[in-house]
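*Asks:* Pasting entry-v3.txt here (compact mmCIF, C-alpha atoms and all ligand atoms):
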# COMPACT_ATOMS: atom_id res chain seq x y z
CA MET A 1 -21.05 -0.52 -2.19
CA PRO A 2 -17.95 -2.35 -3.50
CA LYS A 3 -16.42 -4.69 -0.93
CA ASN A 4 -12.96 -3.19 -0.80
CA LEU A 5 -13.90 0.35 0.13
CA LEU A 6 -11.63 1.07 3.07
CA ALA A 7 -13.48 4.17 4.17
CA GLY A 8 -15.37 3.93 7.43
CA GLY A 9 -19.05 3.32 7.98
CA GLY A 10 -21.36 0.46 7.16
CA LEU A 11 -22.42 -2.60 9.12
CA CYS A 12 -19.80 -4.87 10.59
CA HIS A 13 -19.39 -7.69 13.06
CA VAL A 14 -18.18 -6.24 16.32
CA HIS A 15 -15.15 -7.84 17.92
CA CYS A 16 -15.04 -6.68 21.51
CA LEU A 17 -11.66 -6.67 23.21
CA MET A 18 -12.61 -6.37 26.88
CA ASN A 19 -10.25 -7.64 29.53
CA ASP A 20 -8.26 -6.35 32.50
CA ALA A 21 -5.65 -4.90 30.14
CA THR A 22 -8.14 -2.69 28.33
CA ILE A 23 -7.83 0.79 29.78
CA ASN A 24 -9.67 3.69 28.21
CA GLY A 25 -10.05 1.65 25.04
CA THR A 26 -6.34 0.80 24.78
CA ALA A 27 -5.33 -2.85 24.98
CA ASP A 28 -1.98 -3.08 26.78
CA ASP A 29 -0.25 -6.41 26.91
CA PRO A 30 -0.28 -7.21 30.63
CA SER A 31 2.73 -9.44 30.45
CA PRO A 32 4.83 -9.33 27.28
CA GLU A 33 6.80 -12.41 28.35
CA ALA A 34 3.80 -14.63 29.20
CA PRO A 35 2.59 -17.33 26.80
CA LEU A 36 -0.01 -16.03 24.38
CA PRO A 37 -3.60 -17.20 24.72
CA PRO A 38 -4.67 -19.47 21.85
CA GLY A 39 -6.13 -17.80 18.77
CA LEU A 40 -5.24 -16.08 15.54
CA TYR A 41 -3.01 -12.99 15.61
CA ILE A 42 -2.86 -10.83 12.46
CA VAL A 43 0.56 -9.14 12.55
CA ALA A 44 1.54 -6.21 10.31
CA THR A 45 5.24 -6.10 9.41
CA PRO A 46 7.44 -3.37 7.84
CA ILE A 47 7.11 -2.41 4.16
CA GLY A 48 10.72 -1.21 4.03
CA ASN A 49 12.19 0.22 7.19
CA LEU A 50 12.57 -2.55 9.78
CA GLY A 51 12.28 0.07 12.51
CA ASP A 52 8.57 0.15 11.69
CA LEU A 53 7.99 -3.25 13.32
CA SER A 54 6.08 -2.31 16.48
CA PRO A 55 7.21 -3.64 19.87
CA ARG A 56 3.86 -5.39 20.18
CA ALA A 57 4.26 -7.07 16.78
CA ALA A 58 7.77 -8.22 17.77
CA SER A 59 6.44 -9.57 21.06
CA ILE A 60 3.62 -11.52 19.37
CA LEU A 61 5.96 -12.99 16.73
CA SER A 62 8.41 -14.04 19.45
CA ARG A 63 5.69 -15.79 21.44
CA ALA A 64 3.40 -17.32 18.80
CA GLU A 65 3.76 -21.06 18.60
CA THR A 66 3.22 -21.14 14.84
CA ILE A 67 3.53 -18.38 12.22
CA ALA A 68 1.54 -18.76 9.01
CA VAL A 69 3.64 -17.13 6.28
CA GLU A 70 3.59 -16.24 2.60
CA ASP A 71 7.28 -16.99 2.08
CA SER A 72 9.27 -18.56 4.90
CA ARG A 73 12.56 -17.10 3.58
CA VAL A 74 11.22 -13.55 3.92
CA THR A 75 9.79 -14.11 7.40
CA ALA A 76 12.93 -15.97 8.52
CA LYS A 77 14.93 -12.78 7.90
CA LEU A 78 12.57 -10.81 10.13
CA LEU A 79 12.72 -13.46 12.86
CA ASN A 80 16.54 -13.48 12.64
CA ARG A 81 16.47 -9.75 13.35
CA LEU A 82 14.41 -10.51 16.45
CA GLY A 83 16.78 -13.30 17.40
CA VAL A 84 14.01 -15.90 17.56
CA LYS A 85 13.18 -19.12 15.78
CA ARG A 86 9.50 -20.06 15.36
CA ARG A 87 7.69 -22.84 13.57
CA MET A 88 6.50 -21.51 10.17
CA THR A 89 3.85 -22.92 7.91
CA PRO A 90 3.03 -21.65 4.41
CA TYR A 91 -0.40 -20.11 3.96
CA HIS A 92 -2.23 -18.70 0.91
CA ASP A 93 -5.97 -18.23 0.57
CA HIS A 94 -5.81 -20.65 -2.37
CA SER A 95 -3.90 -23.19 -0.24
CA GLY A 96 -7.06 -25.23 -0.32
CA ASP A 97 -9.50 -26.72 2.07
CA HIS A 98 -7.02 -29.14 3.61
CA VAL A 99 -4.62 -26.46 4.96
CA ARG A 100 -7.13 -24.07 6.50
CA PRO A 101 -9.01 -26.55 8.75
CA ALA A 102 -5.70 -27.86 10.11
CA LEU A 103 -4.56 -24.34 10.97
CA ILE A 104 -7.91 -23.47 12.52
CA ALA A 105 -7.78 -26.64 14.65
CA ARG A 106 -4.34 -25.56 15.85
CA MET A 107 -5.66 -22.13 16.88
CA ALA A 108 -8.02 -23.79 19.35
CA THR A 109 -5.06 -24.77 21.52
CA GLU A 110 -2.19 -22.52 20.49
CA ALA A 111 -1.34 -18.99 19.33
CA VAL A 112 -1.01 -18.81 15.55
CA ALA A 113 0.30 -15.57 14.01
CA LEU A 114 -0.38 -14.63 10.38
CA VAL A 115 2.10 -12.42 8.49
CA SER A 116 2.59 -11.56 4.85
CA ASP A 117 5.92 -10.74 3.21
CA ALA A 118 5.43 -7.05 4.02
CA GLY A 119 2.75 -4.78 5.40
CA THR A 120 -0.69 -5.67 6.66
CA PRO A 121 -1.88 -9.22 5.95
CA LEU A 122 -5.17 -9.47 3.97
CA ILE A 123 -4.54 -6.17 2.13
CA SER A 124 -3.75 -7.46 -1.38
CA ASP A 125 -2.28 -10.38 0.53
CA PRO A 126 -3.50 -13.74 1.87
CA GLY A 127 -5.58 -14.10 5.01
CA TYR A 128 -9.20 -13.14 4.45
CA LYS A 129 -10.45 -16.73 4.25
CA LEU A 130 -8.43 -17.72 7.30
CA VAL A 131 -9.99 -14.91 9.36
CA ARG A 132 -13.45 -15.77 8.07
CA ASP A 133 -13.11 -19.45 8.98
CA ALA A 134 -11.48 -18.68 12.34
CA ARG A 135 -14.40 -16.41 13.27
CA ASP A 136 -16.88 -19.04 12.14
CA ALA A 137 -15.12 -21.57 14.38
CA GLY A 138 -15.34 -19.26 17.40
CA ILE A 139 -11.57 -18.64 17.51
CA ALA A 140 -10.40 -15.35 19.06
CA VAL A 141 -8.95 -13.11 16.33
CA THR A 142 -6.66 -10.23 17.32
CA THR A 143 -5.04 -7.69 15.01
CA ILE A 144 -1.67 -6.05 15.58
CA PRO A 145 -1.95 -3.01 13.29
CA GLY A 146 1.03 -1.48 11.52
CA PRO A 147 2.44 -0.51 8.12
CA CYS A 148 0.23 -0.60 5.04
CA ALA A 149 1.49 0.84 1.74
CA ALA A 150 -1.97 2.08 0.71
CA VAL A 151 -2.48 4.21 3.81
CA ALA A 152 1.15 5.37 3.92
CA ALA A 153 0.92 6.53 0.27
CA LEU A 154 -2.30 8.39 1.01
CA THR A 155 -0.50 10.34 3.75
CA LEU A 156 2.22 11.43 1.29
CA ALA A 157 0.17 12.28 -1.80
CA GLY A 158 -1.32 15.61 -0.73
CA LEU A 159 -4.71 14.50 -2.08
CA PRO A 160 -8.02 14.42 -0.18
CA THR A 161 -8.11 11.79 2.55
CA ASP A 162 -11.68 12.05 3.84
CA ARG A 163 -12.97 9.32 1.52
CA PHE A 164 -10.75 6.79 -0.22
CA PHE A 165 -11.31 3.68 -2.26
CA PHE A 166 -8.72 0.90 -2.43
CA LEU A 167 -8.54 -0.93 -5.75
CA GLY A 168 -5.53 -3.19 -5.11
CA PHE A 169 -3.88 -4.29 -8.38
CA LEU A 170 -5.81 -3.59 -11.59
CA PRO A 171 -6.14 -6.47 -14.07
CA SER A 172 -3.17 -6.61 -16.46
CA LYS A 173 -5.23 -7.20 -19.66
CA GLU A 174 -6.11 -3.90 -21.34
CA LYS A 175 -9.87 -4.46 -21.70
CA ALA A 176 -10.33 -5.77 -18.15
CA ARG A 177 -8.25 -2.88 -16.82
CA ALA A 178 -10.33 -0.30 -18.71
CA ASP A 179 -13.53 -1.94 -17.41
CA ALA A 180 -12.26 -1.84 -13.82
CA ILE A 181 -11.41 1.86 -14.18
CA ALA A 182 -14.79 2.67 -15.77
CA GLU A 183 -16.50 0.97 -12.83
CA VAL A 184 -15.03 3.52 -10.37
CA ALA A 185 -15.06 6.64 -12.56
CA SER A 186 -18.03 8.15 -10.75
CA VAL A 187 -16.86 7.31 -7.22
CA ARG A 188 -16.39 10.56 -5.30
CA ALA A 189 -13.31 9.44 -3.41
CA THR A 190 -9.55 9.34 -3.75
CA LEU A 191 -8.51 6.08 -5.44
CA ILE A 192 -5.53 4.00 -4.29
CA LEU A 193 -3.91 1.34 -6.48
CA TYR A 194 -0.89 -0.94 -6.24
CA GLU A 195 1.29 -1.17 -9.35
CA SER A 196 4.65 -2.41 -10.62
CA GLY A 197 7.31 -0.37 -12.44
CA PRO A 198 7.01 -2.01 -15.87
CA ARG A 199 3.23 -1.44 -15.99
CA LEU A 200 3.21 2.04 -14.45
CA ALA A 201 3.13 4.23 -17.59
CA ALA A 202 0.41 2.12 -19.27
CA THR A 203 -1.70 2.18 -16.12
CA LEU A 204 -1.36 5.96 -15.72
CA SER A 205 -2.42 6.43 -19.37
CA ALA A 206 -5.39 4.09 -18.89
CA LEU A 207 -6.41 6.01 -15.76
CA GLU A 208 -6.24 9.30 -17.68
CA ARG A 209 -8.39 7.84 -20.48
CA GLY A 210 -10.95 6.45 -18.06
CA LEU A 211 -11.08 9.18 -15.41
CA GLY A 212 -9.94 12.36 -17.17
CA ASP A 213 -6.80 14.27 -16.33
CA ARG A 214 -7.15 14.16 -12.54
CA GLU A 215 -4.51 15.12 -10.04
CA ALA A 216 -2.63 12.00 -8.96
CA ALA A 217 0.49 10.84 -7.15
CA VAL A 218 3.07 8.14 -7.82
CA VAL A 219 4.48 7.11 -4.45
CA ARG A 220 7.51 4.82 -4.50
CA GLU A 221 9.72 2.98 -2.06
CA ILE A 222 7.89 4.13 1.08
CA SER A 223 10.10 4.08 4.18
CA LYS A 224 13.14 3.05 2.11
CA THR A 225 16.25 5.04 1.10
CA PHE A 226 14.79 6.27 -2.18
CA GLU A 227 11.28 7.11 -1.01
CA GLU A 228 9.66 9.46 -3.53
CA SER A 229 6.23 11.00 -3.99
CA VAL A 230 5.35 13.03 -7.08
CA THR A 231 1.96 14.67 -7.41
CA ALA A 232 0.87 16.01 -10.82
CA PRO A 233 -1.94 15.51 -13.34
CA LEU A 234 -2.22 11.96 -14.70
CA SER A 235 -1.14 13.15 -18.17
CA ALA A 236 2.10 14.62 -16.80
CA LEU A 237 2.84 11.51 -14.74
CA ALA A 238 2.13 9.23 -17.72
CA ALA A 239 4.44 11.34 -19.94
CA ARG A 240 7.16 11.19 -17.28
CA TYR A 241 7.19 7.40 -17.05
CA LEU A 242 6.67 6.85 -20.79
CA GLU A 243 9.73 8.99 -21.36
CA ASN A 244 11.91 7.53 -18.61
CA GLY A 245 10.68 3.94 -18.54
CA GLY A 246 9.25 2.13 -15.53
CA PRO A 247 10.91 3.11 -12.26
CA LYS A 248 12.48 0.56 -9.94
CA GLY A 249 10.94 -0.45 -6.65
CA GLU A 250 7.48 -0.73 -5.21
CA ILE A 251 4.75 1.69 -6.23
CA VAL A 252 1.39 3.01 -5.11
CA ILE A 253 -0.73 5.23 -7.37
CA VAL A 254 -3.12 7.65 -5.66
CA VAL A 255 -5.70 9.44 -7.83
CA GLY A 256 -7.66 12.44 -6.57
CA PRO A 257 -11.46 12.47 -6.71
CA PRO A 258 -13.31 13.99 -9.63
CA GLY A 259 -13.29 17.78 -9.64
CA GLU A 260 -10.39 18.17 -7.18
CA ALA A 261 -7.17 19.81 -8.33
CA PRO A 262 -4.74 20.68 -5.55
CA ALA A 263 -1.78 22.64 -6.93
CA ALA A 264 1.45 20.85 -7.71
CA THR A 265 4.28 21.88 -5.35
CA ASP A 266 7.59 23.50 -6.42
CA ALA A 267 9.28 20.15 -5.77
CA ASP A 268 6.82 18.38 -8.10
CA ALA A 269 7.37 21.07 -10.76
CA ASP A 270 11.17 20.65 -10.50
CA ILE A 271 10.90 16.92 -11.12
CA LEU A 272 8.66 17.47 -14.17
CA LEU A 273 10.91 20.28 -15.47
CA ARG A 274 14.03 18.11 -15.21
CA ASP A 275 12.29 15.40 -17.23
CA ALA A 276 11.03 17.88 -19.83
CA LEU A 277 14.46 19.53 -20.18
CA ASN A 278 15.89 16.18 -21.30
CA ARG A 279 13.92 16.50 -24.53
CA LEU A 280 12.77 20.14 -24.89
CA SER A 281 14.15 23.69 -24.89
CA VAL A 282 13.80 25.80 -21.72
CA GLY A 283 10.78 27.67 -23.13
CA GLN A 284 9.06 24.51 -24.35
CA ALA A 285 9.69 22.74 -21.03
CA ALA A 286 8.24 25.68 -19.08
CA SER A 287 5.16 25.72 -21.33
CA GLU A 288 4.62 21.96 -21.06
CA VAL A 289 4.87 21.95 -17.26
CA ALA A 290 2.74 25.10 -16.93
CA LYS A 291 0.02 23.41 -18.99
CA ALA A 292 0.21 20.20 -17.02
CA THR A 293 0.29 21.77 -13.55
CA GLY A 294 -1.44 25.14 -13.89
CA LEU A 295 1.64 26.80 -12.32
CA ASN A 296 2.88 30.18 -13.58
CA ARG A 297 4.85 29.81 -16.85
CA ARG A 298 7.18 32.75 -16.18
CA GLU A 299 8.22 31.32 -12.79
CA LEU A 300 8.68 27.89 -14.33
CA TYR A 301 10.83 29.46 -17.08
CA SER A 302 13.18 31.01 -14.48
CA ARG A 303 13.31 27.74 -12.61
CA ALA A 304 14.06 25.84 -15.86
CA ILE A 305 16.97 28.20 -16.60
CA ALA A 306 18.33 27.60 -13.10
CA ILE A 307 18.00 23.83 -13.50
CA ARG A 308 19.74 23.89 -16.88
CA GLY A 309 22.50 26.00 -15.29
CA GLU A 310 23.09 23.28 -12.69
CA SER A 311 24.16 20.74 -15.29
N1 LIG B 1 -0.10 -6.08 2.36
C1 LIG B 1 0.74 -5.04 1.81
C2 LIG B 1 0.38 -3.70 2.47
O1 LIG B 1 -0.13 -3.69 3.57
O2 LIG B 1 0.65 -2.67 1.87
C3 LIG B 1 0.66 -5.00 0.31
C4 LIG B 1 1.06 -6.27 -0.37
S1 LIG B 1 0.95 -6.20 -2.11
C5 LIG B 1 1.27 -7.89 -2.53
C6 LIG B 1 2.50 -5.48 -2.55
C7 LIG B 1 2.32 -4.11 -3.21
O3 LIG B 1 2.20 -3.10 -2.19
C8 LIG B 1 3.52 -3.68 -4.02
O4 LIG B 1 3.46 -4.22 -5.34
C9 LIG B 1 3.37 -2.17 -4.04
O5 LIG B 1 2.39 -1.78 -4.96
C10 LIG B 1 2.85 -1.92 -2.61
N2 LIG B 1 3.98 -1.68 -1.70
C11 LIG B 1 4.48 -2.51 -0.77
N3 LIG B 1 5.52 -1.93 -0.13
C12 LIG B 1 5.68 -0.71 -0.67
C13 LIG B 1 6.58 0.37 -0.44
N4 LIG B 1 7.55 0.29 0.46
N5 LIG B 1 6.44 1.50 -1.20
C14 LIG B 1 5.46 1.59 -2.13
N6 LIG B 1 4.59 0.59 -2.39
C15 LIG B 1 4.68 -0.54 -1.67
I'd like the structure from this file rewritten - as structure tokens, please.
Ligand code: SAM
*Replies:*
Amino acid sequence: MPKNLLAGGGLCHVHCLMNDATINGTADDPSPEAPLPPGLYIVATPIGNLGDLSPRAASILSRAETIAVEDSRVTAKLLNRLGVKRRMTPYHDHSGDHVRPALIARMATEAVALVSDAGTPLISDPGYKLVRDARDAGIAVTTIPGPCAAVAALTLAGLPTDRFFFLGFLPSKEKARADAIAEVASVRATLILYESGPRLAATLSALERGLGDREAAVVREISKTFEESVTAPLSALAARYLENGGPKGEIVIVVGPPGEAPAATDADADILLRDALNRLSVGQAASEVAKATGLNRRELYSRAIAIRGES
């Protein structure tokens, strides 16, 4: 089974959090003002809306003696919001063997928090090697769960959620990208990928070539002002972004499993119709969107007339 399958199951090392503050399986912080016990604290931070920083995450960041960061300028902004100043040290998994042992040694006597620029550390972000080495050294590792773009996008896409497979970023070179897609073509799970605006259309086309015209979603700017989620067949999504160019902002692509085809919603159809009407007549636009979505052409035609009437 590929390593980055996020779905449950399988063997794992069990980290048991058992202390006086564990009630019915919930770990409450007994004293949010008290110094933190030494160890490594993995802290998830917002992916857009700062209101998504949990009170527990804020408390840990305010009390950790050192925070290992991707970019100190990004984390400094978050700490400013909390009104605290903490010692920060840069950390990347490729930082090399000299940085990690020093950080691990520190964790033996003090609380070290790990954050990335946004979201959950270790998920397409640094941290895996630090956690591995901390565990090997017998350091207590605690996670403070929170925002993760992959899971948030899955909740918006309207695609099956019972089994999902996280691919992170695909390789940028065409051949390597096609190979990576071919590798997962037979996986019976929803696929989740991170992508950037400029590469979006090419990636959607490559996914259509490698997987067939599956139902998929482009989810952008989660928890920000211009949050958007459009679900449609890969061919329709590829046409949309080829036509309009790469969208701004941060993007997650979610692709339904083989053989699944949940219907596009009216809102999805409206977005596709608006795009199609920029280049086609009302009748042609209705036909194109009907073909792409399986929705009724006559209803789409009426909707297209209404949309054209708005402008
Ligand atoms: N560790 C992060 C997490 O938990 O989601 C992901 C870090 S990865 C370097 C950054 C990528 O996550 C972006 O390029 C984008 O694909 C996705 N991403 C992050 N924030 C997002 C948001 N607000 N909306 C959509 N995608 C987002």
*Asks:* Give me, please, the distance in Å between atom CA of Arg303 of chain A and atom CA of Arg274 of chain A, quoted to one decimal.
*Replies:* 10.0 Å
*Asks:* Can you work out which residues are within 8 Å of ligand LIG 1 (chain B), considering all atoms listed in the file, and then hand them over as an MDAnalysis selection string?
*Replies:* chainID A and resid 44 47:48 116:125 147:151 153 168:169 193:196 219:224 227 249:252
*Asks:* What is the atom CA of Ala152 of chain A-atom CA of Lys291 of chain A distance in Å, reported with one decimal?
*Replies:* 29.2 Å
*Asks:* Could you list, as a PyMOL selection string, every residue within 8 Å of segment 94-108 of chain A, counting all atoms listed in the file and ignoring same-chain residues fewer than 3 positions away?
*Replies:* chain A and resi 38-40+91+111-112+130+133-134+137+139
*Asks:* Find the smallest box with edges along x, y and z containing every listed atom of segment 296-311 of chain A, then add 5 Å on each side and report centre and edge lengths in Å to one decimal, as JSON.
*Replies:*
{"center_x": 13.5, "center_y": 26.7, "center_z": -14.8, "size_x": 31.3, "size_y": 22.0, "size_z": 14.5}
*Asks:* Can you tell me which residues surround Ala64 of chain A at a distance of at most 9 Å, considering all atoms listed in the file, apart from same-chain residues fewer than 6 positions away, and format the answer as number ranges by chain?
*Replies:* A: 35-36, 38, 41, 86-87, 110-113
*Asks:* Nearest to Ile144 of chain A: which of A:Ser59, A:Ser302, A:Thr293, A:Thr265 is it, counting only C-alpha atoms?
*Replies:*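 Among the listed residues, the smallest separation from Ile144 of chain A belongs to A:Ser59.
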*Asks:* Nearest to Thr75 of chain A among A:Ile60, A:Val230, A:Leu114, A:Val141, with distances taken over only C-alpha atoms: which residue is it?
*Replies:* A:Leu114
*Asks:* Interatomic distance between atom CA of Ala306 of chain A and atom CA of Ala217 of chain A?
*Replies:*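 Straight-line distance from atom CA of Ala306 of chain A to atom CA of Ala217 of chain A works out to 25.2 Å.
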*Asks:* Using only C-alpha atoms, can you tell me which of A:Ala276, A:Leu154, A:Leu78, A:Ala189 comes closest to Gly259 of chain A?
*Replies:*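 Among A:Ala276, A:Leu154, A:Leu78, A:Ala189, it is A:Ala189 that comes nearest to Gly259 of chain A.
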*Asks:* Please provide the set of residues having any atom within 9 Å of Arg240 of chain A, restricted to all atoms listed in the file, with same-chain residues fewer than 6 positions apart removed, written as a ChimeraX atom specification.
*Replies:* /A:201,272,275-276
*Asks:* Got a sec: who's within 9 Å of Asp213 of chain A, counting only C-alpha atoms, leaving out chain neighbours fewer than 4 positions off, as a PyMOL selection string?
*Replies:* chain A and resi 207-209+233-236
*Asks:* Identify which of the residues A:Met88, A:Leu159, A:Ala304, A:Ala267 lies closest to Leu280 of chain A, counting all atoms listed in the file when measuring atom-to-atom distances.
*Replies:* A:Ala304
*Asks:* For Ile192 of chain A, which of A:Gly138, A:Pro145, A:Pro257, A:Pro247 is the closest residue, counting only C-alpha atoms?
*Replies:*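 Looking at the shortest contact to Ile192 of chain A, the residue is A:Pro257.
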*Asks:* Find the spatial neighbours of Arg199 of chain A, counting all atoms listed in the file, within a cut-off of 10 Å - ignore same-chain residues fewer than 6 positions away - and output them as a ChimeraX atom specification.
*Replies:* /A:172,241,245-247
*Asks:* Could you save those same residues with C-alpha atoms as a PDB file, in the coordinates of the input?
*Replies:*
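The resulting file, selection31.pdb, is shown below:
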ATOM      1  CA  SER A 172      -3.170  -6.610 -16.460  1.00  0.00           C
ATOM      2  CA  TYR A 241       7.190   7.400 -17.050  1.00  0.00           C
ATOM      3  CA  GLY A 245      10.680   3.940 -18.540  1.00  0.00           C
ATOM      4  CA  GLY A 246       9.250   2.130 -15.530  1.00  0.00           C
ATOM      5  CA  PRO A 247      10.910   3.110 -12.260  1.00  0.00           C
TER       6      PRO A 247
END
*Asks:* In the coordinate frame of the file, compute which residues have an atom within 12 Å of (-9.8, 1.4, -11.2) when using only C-alpha atoms, and state them as number ranges by chain.
*Replies:* A: 2, 4, 165-172, 176-187, 189-195, 203-204, 206-211, 253-255
*Asks:* Name the residues, using the chain letters and numbers of the file, that sit within 10 Å of (10.8, 26.2, -20.8) when counting all atoms listed in the file, and give them as a ChimeraX atom specification.
*Replies:* /A:273,276-277,280-290,297-305
*Asks:* For the residues in that selection, give me C-alpha atoms as a compact mmCIF listing (two decimals), in the coordinates of the input.
*Replies:*
# COMPACT_ATOMS: atom_id res chain seq x y z
CA LEU A 273 10.91 20.28 -15.47
CA ALA A 276 11.03 17.88 -19.83
CA LEU A 277 14.46 19.53 -20.18
CA LEU A 280 12.77 20.14 -24.89
CA SER A 281 14.15 23.69 -24.89
CA VAL A 282 13.80 25.80 -21.72
CA GLY A 283 10.78 27.67 -23.13
CA GLN A 284 9.06 24.51 -24.35
CA ALA A 285 9.69 22.74 -21.03
CA ALA A 286 8.24 25.68 -19.08
CA SER A 287 5.16 25.72 -21.33
CA GLU A 288 4.62 21.96 -21.06
CA VAL A 289 4.87 21.95 -17.26
CA ALA A 290 2.74 25.10 -16.93
CA ARG A 297 4.85 29.81 -16.85
CA ARG A 298 7.18 32.75 -16.18
CA GLU A 299 8.22 31.32 -12.79
CA LEU A 300 8.68 27.89 -14.33
CA TYR A 301 10.83 29.46 -17.08
CA SER A 302 13.18 31.01 -14.48
CA ARG A 303 13.31 27.74 -12.61
CA ALA A 304 14.06 25.84 -15.86
CA ILE A 305 16.97 28.20 -16.60
*Asks:* Add whatever atoms are absent from segment 41-56 of chain A to reach N, CA, C and O atoms, and provide the output as a PDB file, in the frame of the given file.
*Replies:*
ATOM      1  N   TYR A  41      -3.561 -14.341  15.445  1.00  0.00           N
ATOM      2  CA  TYR A  41      -3.010 -12.990  15.610  1.00  0.00           C
ATOM      3  C   TYR A  41      -2.568 -12.479  14.236  1.00  0.00           C
ATOM      4  O   TYR A  41      -1.688 -13.076  13.602  1.00  0.00           O
ATOM      5  N   ILE A  42      -3.198 -11.409  13.764  1.00  0.00           N
ATOM      6  CA  ILE A  42      -2.860 -10.830  12.460  1.00  0.00           C
ATOM      7  C   ILE A  42      -1.781  -9.780  12.701  1.00  0.00           C
ATOM      8  O   ILE A  42      -2.051  -8.762  13.348  1.00  0.00           O
ATOM      9  N   VAL A  43      -0.573 -10.010  12.186  1.00  0.00           N
ATOM     10  CA  VAL A  43       0.560  -9.140  12.550  1.00  0.00           C
ATOM     11  C   VAL A  43       1.056  -8.374  11.326  1.00  0.00           C
ATOM     12  O   VAL A  43       1.528  -8.975  10.354  1.00  0.00           O
ATOM     13  N   ALA A  44       0.988  -7.041  11.392  1.00  0.00           N
ATOM     14  CA  ALA A  44       1.540  -6.210  10.310  1.00  0.00           C
ATOM     15  C   ALA A  44       3.056  -6.101  10.483  1.00  0.00           C
ATOM     16  O   ALA A  44       3.545  -5.966  11.605  1.00  0.00           O
ATOM     17  N   THR A  45       3.772  -6.168   9.372  1.00  0.00           N
ATOM     18  CA  THR A  45       5.240  -6.100   9.410  1.00  0.00           C
ATOM     19  C   THR A  45       5.710  -4.956   8.500  1.00  0.00           C
ATOM     20  O   THR A  45       4.927  -4.440   7.690  1.00  0.00           O
ATOM     21  N   PRO A  46       6.980  -4.538   8.599  1.00  0.00           N
ATOM     22  CA  PRO A  46       7.440  -3.370   7.840  1.00  0.00           C
ATOM     23  C   PRO A  46       7.307  -3.536   6.322  1.00  0.00           C
ATOM     24  O   PRO A  46       7.423  -4.645   5.796  1.00  0.00           O
ATOM     25  N   ILE A  47       7.125  -2.400   5.627  1.00  0.00           N
ATOM     26  CA  ILE A  47       7.110  -2.410   4.160  1.00  0.00           C
ATOM     27  C   ILE A  47       8.436  -1.872   3.612  1.00  0.00           C
ATOM     28  O   ILE A  47       8.551  -1.590   2.433  1.00  0.00           O
ATOM     29  N   GLY A  48       9.408  -1.709   4.460  1.00  0.00           N
ATOM     30  CA  GLY A  48      10.720  -1.210   4.030  1.00  0.00           C
ATOM     31  C   GLY A  48      11.615  -1.063   5.236  1.00  0.00           C
ATOM     32  O   GLY A  48      12.501  -1.894   5.466  1.00  0.00           O
ATOM     33  N   ASN A  49      11.339  -0.070   6.036  1.00  0.00           N
ATOM     34  CA  ASN A  49      12.190   0.220   7.190  1.00  0.00           C
ATOM     35  C   ASN A  49      11.849  -0.727   8.345  1.00  0.00           C
ATOM     36  O   ASN A  49      10.730  -0.702   8.873  1.00  0.00           O
ATOM     37  N   LEU A  50      12.829  -1.548   8.730  1.00  0.00           N
ATOM     38  CA  LEU A  50      12.570  -2.550   9.780  1.00  0.00           C
ATOM     39  C   LEU A  50      12.237  -1.912  11.123  1.00  0.00           C
ATOM     40  O   LEU A  50      11.629  -2.546  11.987  1.00  0.00           O
ATOM     41  N   GLY A  51      12.620  -0.644  11.280  1.00  0.00           N
ATOM     42  CA  GLY A  51      12.280   0.070  12.510  1.00  0.00           C
ATOM     43  C   GLY A  51      10.782   0.247  12.679  1.00  0.00           C
ATOM     44  O   GLY A  51      10.314   0.616  13.751  1.00  0.00           O
ATOM     45  N   ASP A  52      10.025  -0.007  11.610  1.00  0.00           N
ATOM     46  CA  ASP A  52       8.570   0.150  11.690  1.00  0.00           C
ATOM     47  C   ASP A  52       7.867  -1.073  12.290  1.00  0.00           C
ATOM     48  O   ASP A  52       6.639  -1.071  12.418  1.00  0.00           O
ATOM     49  N   LEU A  53       8.630  -2.117  12.627  1.00  0.00           N
ATOM     50  CA  LEU A  53       7.990  -3.250  13.320  1.00  0.00           C
ATOM     51  C   LEU A  53       7.685  -2.783  14.750  1.00  0.00           C
ATOM     52  O   LEU A  53       8.586  -2.365  15.474  1.00  0.00           O
ATOM     53  N   SER A  54       6.427  -2.845  15.144  1.00  0.00           N
ATOM     54  CA  SER A  54       6.080  -2.310  16.480  1.00  0.00           C
ATOM     55  C   SER A  54       6.568  -3.279  17.558  1.00  0.00           C
ATOM     56  O   SER A  54       6.696  -4.489  17.326  1.00  0.00           O
ATOM     57  N   PRO A  55       6.818  -2.759  18.762  1.00  0.00           N
ATOM     58  CA  PRO A  55       7.210  -3.640  19.870  1.00  0.00           C
ATOM     59  C   PRO A  55       6.167  -4.728  20.118  1.00  0.00           C
ATOM     60  O   PRO A  55       6.510  -5.868  20.418  1.00  0.00           O
ATOM     61  N   ARG A  56       4.905  -4.383  19.952  1.00  0.00           N
ATOM     62  CA  ARG A  56       3.860  -5.390  20.180  1.00  0.00           C
ATOM     63  C   ARG A  56       3.920  -6.479  19.119  1.00  0.00           C
ATOM     64  O   ARG A  56       3.789  -7.672  19.422  1.00  0.00           O
TER      65      ARG A  56
END
